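The next block is work_34.txt, given as compact mmCIF, C-alpha atoms and all ligand atoms.
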# COMPACT_ATOMS: atom_id res chain seq x y z
CA MET A 1 58.87 -33.66 -161.81
CA PRO A 2 56.60 -30.81 -160.63
CA ASP A 3 58.11 -27.29 -160.52
CA GLN A 4 56.95 -26.73 -157.01
CA LEU A 5 55.63 -29.05 -154.39
CA ASN A 6 52.44 -27.83 -152.73
CA VAL A 7 51.50 -28.65 -149.18
CA CYS A 8 47.73 -29.10 -149.33
CA LEU A 9 45.24 -29.61 -146.55
CA ILE A 10 41.90 -31.31 -147.06
CA ALA A 11 39.06 -31.17 -144.57
CA ALA A 12 35.29 -31.06 -144.18
CA ARG A 13 33.78 -28.80 -141.55
CA GLY A 14 30.32 -27.89 -140.40
CA ARG A 15 29.02 -24.35 -140.02
CA ASN A 16 30.08 -24.64 -136.36
CA ASN A 17 33.61 -25.78 -137.38
CA VAL A 18 32.95 -29.34 -136.18
CA ILE A 19 35.01 -31.95 -138.05
CA GLY A 20 34.67 -35.03 -135.85
CA ASN A 21 32.60 -36.74 -133.20
CA GLU A 22 33.57 -39.64 -130.96
CA GLY A 23 36.44 -40.70 -133.21
CA ASP A 24 34.44 -40.59 -136.42
CA LEU A 25 33.08 -38.16 -138.99
CA PRO A 26 29.78 -36.56 -137.93
CA TRP A 27 28.17 -37.17 -141.35
CA ARG A 28 28.15 -39.39 -144.40
CA LEU A 29 28.87 -37.51 -147.62
CA LYS A 30 29.35 -39.96 -150.45
CA ASP A 31 30.30 -37.36 -153.04
CA ASP A 32 32.79 -35.75 -150.69
CA LEU A 33 34.51 -39.10 -150.10
CA ALA A 34 34.73 -39.50 -153.88
CA PHE A 35 36.28 -36.04 -154.17
CA PHE A 36 38.74 -36.85 -151.36
CA LYS A 37 39.82 -40.03 -153.12
CA LYS A 38 40.21 -38.34 -156.51
CA VAL A 39 42.21 -35.34 -155.31
CA THR A 40 44.53 -37.21 -152.92
CA MET A 41 45.20 -40.23 -155.17
CA GLY A 42 48.90 -40.65 -155.93
CA CYS A 43 49.98 -38.15 -153.26
CA PRO A 44 51.44 -38.84 -149.81
CA ILE A 45 48.85 -38.32 -147.06
CA LEU A 46 49.78 -37.22 -143.57
CA MET A 47 47.50 -37.81 -140.60
CA GLY A 48 47.31 -38.13 -136.82
CA ARG A 49 47.12 -41.50 -135.09
CA LYS A 50 43.44 -41.04 -134.22
CA THR A 51 42.49 -40.31 -137.83
CA TRP A 52 44.50 -43.35 -138.93
CA GLU A 53 42.57 -45.51 -136.47
CA SER A 54 39.27 -44.05 -137.72
CA LEU A 55 39.88 -45.15 -141.31
CA PRO A 56 37.58 -47.97 -142.43
CA PHE A 57 40.39 -49.44 -144.54
CA ARG A 58 44.05 -49.03 -143.68
CA PRO A 59 46.22 -47.96 -145.39
CA LEU A 60 44.36 -45.84 -147.94
CA LYS A 61 45.38 -47.37 -151.24
CA GLY A 62 47.40 -45.63 -153.95
CA ARG A 63 48.82 -43.14 -151.48
CA GLU A 64 51.81 -43.28 -149.12
CA ASN A 65 50.22 -43.15 -145.65
CA ILE A 66 52.17 -41.23 -142.99
CA VAL A 67 50.99 -41.34 -139.39
CA MET A 68 51.99 -39.11 -136.47
CA THR A 69 52.13 -40.44 -132.91
CA ARG A 70 54.24 -39.74 -129.85
CA ASP A 71 54.44 -43.49 -129.27
CA TRP A 72 57.70 -44.64 -130.80
CA THR A 73 56.60 -48.26 -130.58
CA TYR A 74 53.35 -47.69 -132.49
CA ASN A 75 52.81 -50.14 -135.30
CA ALA A 76 50.77 -48.97 -138.28
CA PRO A 77 50.98 -51.72 -140.89
CA GLY A 78 51.22 -50.27 -144.37
CA ALA A 79 52.10 -46.77 -143.11
CA ARG A 80 55.20 -44.83 -142.09
CA VAL A 81 55.21 -43.56 -138.52
CA TYR A 82 56.74 -40.26 -137.33
CA SER A 83 56.89 -38.51 -133.98
CA SER A 84 57.88 -35.03 -135.15
CA PHE A 85 55.93 -32.88 -137.57
CA PRO A 86 58.94 -31.41 -139.45
CA ALA A 87 60.32 -34.94 -139.96
CA ALA A 88 56.93 -36.18 -141.17
CA ILE A 89 56.36 -33.33 -143.62
CA ASN A 90 59.90 -33.59 -144.95
CA ALA A 91 59.45 -37.31 -145.50
CA ALA A 92 56.15 -36.64 -147.28
CA ARG A 93 57.82 -34.02 -149.48
CA ALA A 94 60.66 -36.38 -150.35
CA ILE A 95 58.23 -39.15 -151.27
CA ALA A 96 56.12 -36.79 -153.39
CA THR A 97 59.18 -35.56 -155.22
CA ARG A 98 60.40 -39.11 -155.84
CA GLN A 99 56.96 -40.20 -157.06
CA GLY A 100 56.37 -37.10 -159.20
CA ALA A 101 53.31 -36.04 -157.18
CA GLY A 102 52.49 -32.35 -157.14
CA CYS A 103 51.16 -32.28 -153.62
CA VAL A 104 51.51 -33.54 -150.10
CA PHE A 105 48.11 -33.82 -148.40
CA VAL A 106 47.48 -33.20 -144.73
CA ILE A 107 44.24 -35.08 -144.00
CA GLY A 108 43.66 -34.39 -140.27
CA GLY A 109 42.57 -34.45 -137.58
CA ALA A 110 42.48 -31.17 -135.74
CA THR A 111 45.82 -31.56 -133.96
CA ILE A 112 47.62 -32.26 -137.23
CA TYR A 113 45.80 -29.44 -139.05
CA ASP A 114 47.05 -27.12 -136.30
CA LEU A 115 50.64 -28.25 -136.73
CA ALA A 116 50.45 -28.14 -140.52
CA LEU A 117 48.74 -24.81 -141.14
CA PRO A 118 51.92 -22.70 -141.23
CA TYR A 119 53.22 -24.97 -144.02
CA VAL A 120 50.01 -25.10 -146.07
CA ASP A 121 49.65 -23.41 -149.48
CA THR A 122 46.24 -24.74 -150.49
CA ILE A 123 43.17 -25.90 -148.57
CA TYR A 124 40.43 -28.03 -150.09
CA MET A 125 37.58 -27.35 -147.70
CA THR A 126 34.21 -29.02 -147.78
CA GLU A 127 31.76 -26.60 -146.21
CA VAL A 128 28.95 -28.72 -144.83
CA ASP A 129 25.59 -27.02 -144.44
CA ALA A 130 24.95 -28.42 -140.96
CA SER A 131 25.98 -27.81 -137.35
CA PRO A 132 26.28 -31.32 -135.95
CA GLU A 133 27.32 -32.27 -132.45
CA GLY A 134 31.02 -32.86 -132.26
CA ASP A 135 34.13 -32.94 -130.11
CA VAL A 136 36.81 -31.97 -132.66
CA PHE A 137 36.96 -28.61 -134.44
CA PHE A 138 38.83 -27.14 -137.39
CA PRO A 139 41.27 -24.40 -136.29
CA GLN A 140 40.27 -20.79 -136.93
CA LEU A 141 41.59 -19.39 -140.22
CA ALA A 142 42.46 -15.75 -140.72
CA PRO A 143 40.05 -14.82 -143.57
CA ASP A 144 42.41 -12.18 -145.03
CA GLU A 145 45.09 -14.81 -145.63
CA TRP A 146 43.06 -16.96 -148.02
CA LYS A 147 41.56 -16.46 -151.46
CA THR A 148 38.54 -18.71 -151.82
CA GLU A 149 36.98 -20.18 -154.93
CA THR A 150 34.01 -22.55 -155.03
CA MET A 151 34.74 -25.74 -156.98
CA ALA A 152 31.48 -27.68 -156.63
CA SER A 153 28.15 -27.75 -154.81
CA HIS A 154 26.14 -30.84 -153.90
CA GLU A 155 22.59 -31.24 -152.65
CA ALA A 156 21.59 -33.53 -149.79
CA GLY A 157 20.34 -36.99 -150.70
CA ASP A 158 21.71 -39.95 -152.63
CA GLY A 159 24.33 -40.78 -150.00
CA ASN A 160 24.93 -37.20 -148.84
CA ASP A 161 23.50 -36.44 -145.38
CA HIS A 162 23.65 -32.68 -145.98
CA ARG A 163 24.07 -30.10 -148.68
CA PHE A 164 27.73 -29.06 -149.07
CA SER A 165 30.17 -27.03 -151.18
CA ILE A 166 33.79 -27.75 -151.91
CA VAL A 167 35.98 -24.66 -151.91
CA LYS A 168 39.62 -24.23 -152.80
CA MET A 169 41.49 -21.76 -150.61
CA GLN A 170 44.83 -20.44 -151.77
CA ARG A 171 47.12 -18.60 -149.39
CA GLU A 172 47.46 -14.97 -150.47
CA PRO A 173 51.03 -14.26 -151.67
CA ALA A 174 51.63 -11.65 -148.95
CA PHE A 175 51.17 -14.39 -146.34
CA VAL A 176 53.30 -17.09 -147.96
CA THR A 177 56.29 -18.12 -145.90
CA ARG A 178 58.23 -21.06 -147.28
CA ARG A 179 58.98 -23.57 -144.55
N1 LIG B 1 36.05 -33.72 -141.16
C1 LIG B 1 37.32 -33.95 -141.52
O1 LIG B 1 37.80 -33.43 -142.54
C2 LIG B 1 38.20 -34.86 -140.69
C3 LIG B 1 39.46 -35.23 -141.15
C4 LIG B 1 40.25 -36.04 -140.34
C5 LIG B 1 39.76 -36.47 -139.12
N2 LIG B 1 38.54 -36.10 -138.72
C6 LIG B 1 38.01 -36.50 -137.40
O2 LIG B 1 38.83 -35.88 -136.42
C7 LIG B 1 38.92 -36.73 -135.27
C8 LIG B 1 40.39 -37.04 -135.00
O3 LIG B 1 41.09 -35.82 -134.84
P1 LIG B 1 41.98 -35.51 -133.55
O4 LIG B 1 42.43 -34.08 -133.64
O5 LIG B 1 41.24 -35.94 -132.33
O6 LIG B 1 43.18 -36.54 -133.70
P2 LIG B 1 44.34 -36.69 -134.82
O7 LIG B 1 44.89 -35.34 -135.15
O8 LIG B 1 43.85 -37.53 -135.92
O9 LIG B 1 45.40 -37.55 -134.03
C9 LIG B 1 45.90 -37.08 -132.80
C10 LIG B 1 47.11 -37.88 -132.44
O10 LIG B 1 48.21 -37.55 -133.29
C11 LIG B 1 49.42 -37.67 -132.55
N3 LIG B 1 50.06 -36.36 -132.47
C12 LIG B 1 49.47 -35.15 -132.36
N4 LIG B 1 50.39 -34.17 -132.25
C13 LIG B 1 51.59 -34.77 -132.31
C14 LIG B 1 52.92 -34.30 -132.25
N5 LIG B 1 53.22 -32.98 -132.13
N6 LIG B 1 53.93 -35.19 -132.34
C15 LIG B 1 53.65 -36.51 -132.47
N7 LIG B 1 52.40 -37.03 -132.53
C16 LIG B 1 51.38 -36.17 -132.45
C17 LIG B 1 49.03 -38.16 -131.16
O11 LIG B 1 49.03 -39.57 -131.22
P3 LIG B 1 49.33 -40.49 -129.91
O12 LIG B 1 48.19 -40.24 -128.98
O13 LIG B 1 49.37 -41.87 -130.46
O14 LIG B 1 50.65 -40.02 -129.38
C18 LIG B 1 47.61 -37.64 -131.02
O15 LIG B 1 46.83 -38.32 -130.06
C19 LIG B 1 38.08 -37.96 -135.60
O16 LIG B 1 36.77 -37.76 -135.10
C20 LIG B 1 38.08 -37.99 -137.12
O17 LIG B 1 36.95 -38.67 -137.64
C21 LIG B 1 37.74 -35.30 -139.47
Same coordinates, now as structure tokens:
Amino acid sequence: MPDQLNVCLIAARGRNNVIGNEGDLPWRLKDDLAFFKKVTMGCPILMGRKTWESLPFRPLKGRENIVMTRDWTYNAPGARVYSSFPAAINAARAIATRQGAGCVFVIGGATIYDLALPYVDTIYMTEVDASPEGDVFFPQLAPDEWKTETMASHEAGDGNDHRFSIVKMQREPAFVTRR
């Protein structure tokens, strides 16, 4: 069992902070999807109802899918449904602990990122070198709170619409509050 369970957030944002457009991603980034799959595999993933409905295949395999909605009657086959964020994150933590996963992943969209940020230890952020049109934005981060390290860089082409970097952001110890 892991010593400590991390709450991780994974997202891809443009230079203008756009993360979504008309219920979908504003780009196709093949290598980023591969990274997403690799890093989240085996861990519970927590998402909003709109992100769930945007997935091309539901549920995402090899991961416990947890969906947030205010609709108590909502049916998400293959996923667990919660209407309160603390209940959802606690369920995700319990599942991760039971399954021996080191992380719970918050995978979006913007409303769930907003709710989750106070709980998050680590962010895997794909910084997309583009400013596409969009209607959903990543919340502002306080730069002082996060130590950033670049993990990988990819050029455009071969299934990637744009150039992008994947960075790992760790919350600075002075700003850690266990919730
Ligand atoms: N670039 C990225 O990394 C990334 C990642 C994920 C998603 N996206 C994009 O982001 C967009 C979707 O994001 P979004 O912010 O519009 O929607 P979302 O966060 O995926 O889902 C919003 C829904 O979650 C439920 N919800 C929100 N707050 C809640 C609360 N406090 N309690 C209970 N349920 C709650 C509500 O569902 P009900 O309406 O059913 O009550 C709400 O409509 C799409 O375009 C998607 O492609 C991008």
Which residues, written as a ChimeraX atom specification, have at least one atom at most 9 Å from Val136 (chain A), with all atoms listed in the file counted and residues fewer than 4 positions away on the same chain left out? /A:17-23,109-110
Would you mind exporting the chosen residues as a tab-separated table (two decimals), in the coordinates of the input, restricted to C-alpha atoms?
chain	number	residue	atom	x	y	z
A	17	ASN	CA	33.61	-25.78	-137.38
A	18	VAL	CA	32.95	-29.34	-136.18
A	19	ILE	CA	35.01	-31.95	-138.05
A	20	GLY	CA	34.67	-35.03	-135.85
A	21	ASN	CA	32.60	-36.74	-133.20
A	22	GLU	CA	33.57	-39.64	-130.96
A	23	GLY	CA	36.44	-40.70	-133.21
A	109	GLY	CA	42.57	-34.45	-137.58
A	110	ALA	CA	42.48	-31.17	-135.74
With 9 Å as the cut-off and all atoms listed in the file counted, what is the closest atom pair between each nearby residue of chain A and ligand LIG 1 (chain B)? Distances in Å to one decimal, ordered by chain and number, as JSON lines.
{"residue": "A:Ile10", "atom": "CA", "partner": "B:LIG1", "partner_atom": "O1", "distance": 6.5}
{"residue": "A:Ala11", "atom": "CA", "partner": "B:LIG1", "partner_atom": "O1", "distance": 3.3}
{"residue": "A:Ala12", "atom": "CA", "partner": "B:LIG1", "partner_atom": "O1", "distance": 3.8}
{"residue": "A:Arg13", "atom": "CA", "partner": "B:LIG1", "partner_atom": "N1", "distance": 5.4}
{"residue": "A:Gly14", "atom": "CA", "partner": "B:LIG1", "partner_atom": "N1", "distance": 8.2}
{"residue": "A:Val18", "atom": "CA", "partner": "B:LIG1", "partner_atom": "N1", "distance": 7.3}
{"residue": "A:Ile19", "atom": "CA", "partner": "B:LIG1", "partner_atom": "N1", "distance": 3.7}
{"residue": "A:Gly20", "atom": "CA", "partner": "B:LIG1", "partner_atom": "O16", "distance": 3.5}
{"residue": "A:Asn21", "atom": "CA", "partner": "B:LIG1", "partner_atom": "O16", "distance": 4.7}
{"residue": "A:Glu22", "atom": "CA", "partner": "B:LIG1", "partner_atom": "O16", "distance": 5.6}
{"residue": "A:Gly23", "atom": "CA", "partner": "B:LIG1", "partner_atom": "O16", "distance": 3.5}
{"residue": "A:Asp24", "atom": "CA", "partner": "B:LIG1", "partner_atom": "O17", "distance": 3.4}
{"residue": "A:Leu25", "atom": "CA", "partner": "B:LIG1", "partner_atom": "O17", "distance": 4.1}
{"residue": "A:Pro26", "atom": "CA", "partner": "B:LIG1", "partner_atom": "O17", "distance": 7.5}
{"residue": "A:Trp27", "atom": "CA", "partner": "B:LIG1", "partner_atom": "N1", "distance": 8.6}
{"residue": "A:Met47", "atom": "CA", "partner": "B:LIG1", "partner_atom": "O8", "distance": 5.9}
{"residue": "A:Gly48", "atom": "CA", "partner": "B:LIG1", "partner_atom": "O9", "distance": 3.4}
{"residue": "A:Arg49", "atom": "CA", "partner": "B:LIG1", "partner_atom": "O9", "distance": 4.4}
{"residue": "A:Lys50", "atom": "CA", "partner": "B:LIG1", "partner_atom": "O8", "distance": 3.9}
{"residue": "A:Thr51", "atom": "CA", "partner": "B:LIG1", "partner_atom": "O8", "distance": 3.6}
{"residue": "A:Trp52", "atom": "CA", "partner": "B:LIG1", "partner_atom": "O8", "distance": 6.6}
{"residue": "A:Glu53", "atom": "CA", "partner": "B:LIG1", "partner_atom": "O8", "distance": 8.1}
{"residue": "A:Ser54", "atom": "CA", "partner": "B:LIG1", "partner_atom": "O17", "distance": 5.9}
{"residue": "A:Leu55", "atom": "CA", "partner": "B:LIG1", "partner_atom": "O17", "distance": 8.0}
{"residue": "A:Val67", "atom": "CA", "partner": "B:LIG1", "partner_atom": "O10", "distance": 7.7}
{"residue": "A:Met68", "atom": "CA", "partner": "B:LIG1", "partner_atom": "N7", "distance": 4.5}
{"residue": "A:Thr69", "atom": "CA", "partner": "B:LIG1", "partner_atom": "N7", "distance": 3.4}
{"residue": "A:Arg70", "atom": "CA", "partner": "B:LIG1", "partner_atom": "O14", "distance": 3.6}
{"residue": "A:Asp71", "atom": "CA", "partner": "B:LIG1", "partner_atom": "O14", "distance": 5.1}
{"residue": "A:Trp72", "atom": "CA", "partner": "B:LIG1", "partner_atom": "O14", "distance": 8.5}
{"residue": "A:Tyr74", "atom": "CA", "partner": "B:LIG1", "partner_atom": "O13", "distance": 7.3}
{"residue": "A:Tyr82", "atom": "CA", "partner": "B:LIG1", "partner_atom": "C15", "distance": 6.9}
{"residue": "A:Ser83", "atom": "CA", "partner": "B:LIG1", "partner_atom": "C15", "distance": 4.1}
{"residue": "A:Ser84", "atom": "CA", "partner": "B:LIG1", "partner_atom": "N6", "distance": 4.9}
{"residue": "A:Phe85", "atom": "CA", "partner": "B:LIG1", "partner_atom": "N6", "distance": 6.1}
{"residue": "A:Val106", "atom": "CA", "partner": "B:LIG1", "partner_atom": "C4", "distance": 8.9}
{"residue": "A:Ile107", "atom": "CA", "partner": "B:LIG1", "partner_atom": "C4", "distance": 5.5}
{"residue": "A:Gly108", "atom": "CA", "partner": "B:LIG1", "partner_atom": "C4", "distance": 3.8}
{"residue": "A:Gly109", "atom": "CA", "partner": "B:LIG1", "partner_atom": "O3", "distance": 3.4}
{"residue": "A:Ala110", "atom": "CA", "partner": "B:LIG1", "partner_atom": "O4", "distance": 3.6}
{"residue": "A:Thr111", "atom": "CA", "partner": "B:LIG1", "partner_atom": "O7", "distance": 4.1}
{"residue": "A:Ile112", "atom": "CA", "partner": "B:LIG1", "partner_atom": "O7", "distance": 4.6}
{"residue": "A:Tyr113", "atom": "CA", "partner": "B:LIG1", "partner_atom": "O7", "distance": 7.1}
{"residue": "A:Asp114", "atom": "CA", "partner": "B:LIG1", "partner_atom": "O7", "distance": 8.6}
{"residue": "A:Leu115", "atom": "CA", "partner": "B:LIG1", "partner_atom": "N5", "distance": 7.1}
{"residue": "A:Met125", "atom": "CA", "partner": "B:LIG1", "partner_atom": "O1", "distance": 8.0}
{"residue": "A:Thr126", "atom": "CA", "partner": "B:LIG1", "partner_atom": "O1", "distance": 7.7}
{"residue": "A:Gly134", "atom": "CA", "partner": "B:LIG1", "partner_atom": "O16", "distance": 8.1}
{"residue": "A:Asp135", "atom": "CA", "partner": "B:LIG1", "partner_atom": "O16", "distance": 7.4}
{"residue": "A:Val136", "atom": "CA", "partner": "B:LIG1", "partner_atom": "O2", "distance": 5.8}
{"residue": "A:Phe137", "atom": "CA", "partner": "B:LIG1", "partner_atom": "O2", "distance": 7.8}
{"residue": "A:Phe138", "atom": "CA", "partner": "B:LIG1", "partner_atom": "N1", "distance": 8.1}
Dump of C-alpha atoms for the selected residues, as a tab-separated table (two decimals), keeping the file's coordinate frame:
chain	number	residue	atom	x	y	z
A	10	ILE	CA	41.90	-31.31	-147.06
A	11	ALA	CA	39.06	-31.17	-144.57
A	12	ALA	CA	35.29	-31.06	-144.18
A	13	ARG	CA	33.78	-28.80	-141.55
A	14	GLY	CA	30.32	-27.89	-140.40
A	18	VAL	CA	32.95	-29.34	-136.18
A	19	ILE	CA	35.01	-31.95	-138.05
A	20	GLY	CA	34.67	-35.03	-135.85
A	21	ASN	CA	32.60	-36.74	-133.20
A	22	GLU	CA	33.57	-39.64	-130.96
A	23	GLY	CA	36.44	-40.70	-133.21
A	24	ASP	CA	34.44	-40.59	-136.42
A	25	LEU	CA	33.08	-38.16	-138.99
A	26	PRO	CA	29.78	-36.56	-137.93
A	27	TRP	CA	28.17	-37.17	-141.35
A	47	MET	CA	47.50	-37.81	-140.60
A	48	GLY	CA	47.31	-38.13	-136.82
A	49	ARG	CA	47.12	-41.50	-135.09
A	50	LYS	CA	43.44	-41.04	-134.22
A	51	THR	CA	42.49	-40.31	-137.83
A	52	TRP	CA	44.50	-43.35	-138.93
A	53	GLU	CA	42.57	-45.51	-136.47
A	54	SER	CA	39.27	-44.05	-137.72
A	55	LEU	CA	39.88	-45.15	-141.31
A	67	VAL	CA	50.99	-41.34	-139.39
A	68	MET	CA	51.99	-39.11	-136.47
A	69	THR	CA	52.13	-40.44	-132.91
A	70	ARG	CA	54.24	-39.74	-129.85
A	71	ASP	CA	54.44	-43.49	-129.27
A	72	TRP	CA	57.70	-44.64	-130.80
A	74	TYR	CA	53.35	-47.69	-132.49
A	82	TYR	CA	56.74	-40.26	-137.33
A	83	SER	CA	56.89	-38.51	-133.98
A	84	SER	CA	57.88	-35.03	-135.15
A	85	PHE	CA	55.93	-32.88	-137.57
A	106	VAL	CA	47.48	-33.20	-144.73
A	107	ILE	CA	44.24	-35.08	-144.00
A	108	GLY	CA	43.66	-34.39	-140.27
A	109	GLY	CA	42.57	-34.45	-137.58
A	110	ALA	CA	42.48	-31.17	-135.74
A	111	THR	CA	45.82	-31.56	-133.96
A	112	ILE	CA	47.62	-32.26	-137.23
A	113	TYR	CA	45.80	-29.44	-139.05
A	114	ASP	CA	47.05	-27.12	-136.30
A	115	LEU	CA	50.64	-28.25	-136.73
A	125	MET	CA	37.58	-27.35	-147.70
A	126	THR	CA	34.21	-29.02	-147.78
A	134	GLY	CA	31.02	-32.86	-132.26
A	135	ASP	CA	34.13	-32.94	-130.11
A	136	VAL	CA	36.81	-31.97	-132.66
A	137	PHE	CA	36.96	-28.61	-134.44
A	138	PHE	CA	38.83	-27.14	-137.39
Between CA of Ile123 (chain A) and CA of Met169 (chain A), distance in Å (one decimal):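 Answer for the CA of Ile123 (chain A) to CA of Met169 (chain A) separation: 4.9 Å.
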For Arg98 (chain A), which residue out of A:Arg80, A:Thr150, A:Pro44, A:Asp31 is the nearest one, using only C-alpha atoms?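 Checking each of A:Arg80, A:Thr150, A:Pro44, A:Asp31 against Arg98 (chain A), counting only C-alpha atoms, the winner is A:Pro44.
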Between A:Met151, A:Val104, A:Ile89, A:Ile95, which residue has the minimum interatomic distance to Leu5 (chain A), considering all atoms listed in the file? A:Val104
For Gly42 (chain A), list every protein, DNA or RNA residue within 8 Å, evaluated using all atoms listed in the file, and leave out those in the same chain fewer than 3 positions away; present the list as a list of chain:residue names. A:Gly62, A:Arg63, A:Glu64, A:Ala101
Of the candidates A:Gln4, A:Asn16, A:Asn75, A:Ser131, which one gets nearest to Arg163 (chain A) if we count only C-alpha atoms?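 Ranked by minimum distance to Arg163 (chain A), first place goes to A:Ser131.
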Counting only C-alpha atoms, which of A:Phe35, A:Ala88, A:Arg58, A:Gly102 gets nearest to Ala76 (chain A)?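 Among the listed residues, the smallest separation from Ala76 (chain A) belongs to A:Arg58.
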Taking into account all atoms listed in the file, which residue in the set A:Lys37, A:Phe105, A:Leu141, A:Thr97 is nearest to Asn65 (chain A)? A:Phe105
Could you pull out every residue with an atom within 12 Å of (48.5, -20.7, -153.2), file coordinates, counting all atoms listed in the file, and send them as a count of residues only? 29
Enter the distance from CA of Pro132 (chain A) to CA of Pro118 (chain A), in Å, rounded to one decimal.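 Result for CA of Pro132 (chain A) versus CA of Pro118 (chain A): 27.6 Å, one decimal.
Relative to CA of Thr40 (chain A), CA of Leu60 (chain A) is found at 10.0 Å.
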How big is the axis-aligned box around all listed atoms of region 118-134 of chain A once 4 Å goes on each side, and where's its centre, in Å to one decimal, as lines of an AutoDock Vina configuration file?
center_x = 39.1
center_y = -27.8
center_z = -141.4
size_x = 36.3
size_y = 18.2
size_z = 26.2
Contacts of Pro59 (chain A) at 8 Å or less, counting only C-alpha atoms, minus same-chain residues fewer than 3 places along, as an NGL selection string? :A and (65 or 77-79)
Around (22.5, -40.5, -151.2), as given in the file, which residues come within 9 Å? Count all atoms listed in the file and list them as a PDB file with C-alpha atoms, in the coordinates of the input.
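Output contents, as saved in result.pdb:
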ATOM      1  CA  ARG A  28      28.150 -39.390-144.400  1.00  0.00           C
ATOM      2  CA  LEU A  29      28.870 -37.510-147.620  1.00  0.00           C
ATOM      3  CA  LYS A  30      29.350 -39.960-150.450  1.00  0.00           C
ATOM      4  CA  ASP A  31      30.300 -37.360-153.040  1.00  0.00           C
ATOM      5  CA  ALA A 156      21.590 -33.530-149.790  1.00  0.00           C
ATOM      6  CA  GLY A 157      20.340 -36.990-150.700  1.00  0.00           C
ATOM      7  CA  ASP A 158      21.710 -39.950-152.630  1.00  0.00           C
ATOM      8  CA  GLY A 159      24.330 -40.780-150.000  1.00  0.00           C
ATOM      9  CA  ASN A 160      24.930 -37.200-148.840  1.00  0.00           C
ATOM     10  CA  ASP A 161      23.500 -36.440-145.380  1.00  0.00           C
TER      11      ASP A 161
END
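Proximity to Ile45 (chain A) was assessed for A:Arg93, A:Val81, A:Asp129, A:Ile66 counting all atoms listed in the file; the smallest distance is recorded for A:Ile66.
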Because some atoms of region 68-84 of chain A are absent here, can you restore N, CA and C atoms and send them as a CSV table (one decimal), in the coordinates of the input?
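Saved file out-v1.csv follows:
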chain,number,residue,atom,x,y,z
A,68,MET,N,51.3,-39.7,-137.6
A,68,MET,CA,52.0,-39.1,-136.5
A,68,MET,C,51.5,-39.6,-135.1
A,69,THR,N,52.4,-40.0,-134.3
A,69,THR,CA,52.1,-40.4,-132.9
A,69,THR,C,53.4,-40.1,-132.1
A,70,ARG,N,53.1,-39.9,-130.8
A,70,ARG,CA,54.2,-39.7,-129.8
A,70,ARG,C,54.8,-41.1,-129.4
A,71,ASP,N,54.1,-42.1,-129.7
A,71,ASP,CA,54.4,-43.5,-129.3
A,71,ASP,C,55.4,-44.1,-130.3
A,72,TRP,N,56.7,-44.2,-129.9
A,72,TRP,CA,57.7,-44.6,-130.8
A,72,TRP,C,57.5,-46.1,-131.1
A,73,THR,N,56.8,-46.8,-130.3
A,73,THR,CA,56.6,-48.3,-130.6
A,73,THR,C,55.3,-48.5,-131.4
A,74,TYR,N,54.6,-47.5,-131.8
A,74,TYR,CA,53.4,-47.7,-132.5
A,74,TYR,C,53.6,-48.4,-133.8
A,75,ASN,N,52.7,-49.4,-134.1
A,75,ASN,CA,52.8,-50.1,-135.3
A,75,ASN,C,51.6,-49.8,-136.2
A,76,ALA,N,51.9,-49.3,-137.4
A,76,ALA,CA,50.8,-49.0,-138.3
A,76,ALA,C,51.1,-49.7,-139.6
A,77,PRO,N,50.6,-50.9,-139.7
A,77,PRO,CA,51.0,-51.7,-140.9
A,77,PRO,C,50.6,-51.0,-142.2
A,78,GLY,N,51.5,-50.9,-143.1
A,78,GLY,CA,51.2,-50.3,-144.4
A,78,GLY,C,51.4,-48.8,-144.4
A,79,ALA,N,51.9,-48.2,-143.2
A,79,ALA,CA,52.1,-46.8,-143.1
A,79,ALA,C,53.5,-46.5,-142.5
A,80,ARG,N,54.0,-45.3,-142.8
A,80,ARG,CA,55.2,-44.8,-142.1
A,80,ARG,C,54.8,-44.0,-140.9
A,81,VAL,N,55.6,-44.2,-139.8
A,81,VAL,CA,55.2,-43.6,-138.5
A,81,VAL,C,56.3,-42.5,-138.1
A,82,TYR,N,55.8,-41.3,-137.8
A,82,TYR,CA,56.7,-40.3,-137.3
A,82,TYR,C,56.3,-39.7,-136.0
A,83,SER,N,57.2,-39.1,-135.3
A,83,SER,CA,56.9,-38.5,-134.0
A,83,SER,C,57.2,-37.0,-134.0
A,84,SER,N,57.7,-36.5,-135.1
A,84,SER,CA,57.9,-35.0,-135.2
A,84,SER,C,57.3,-34.5,-136.5
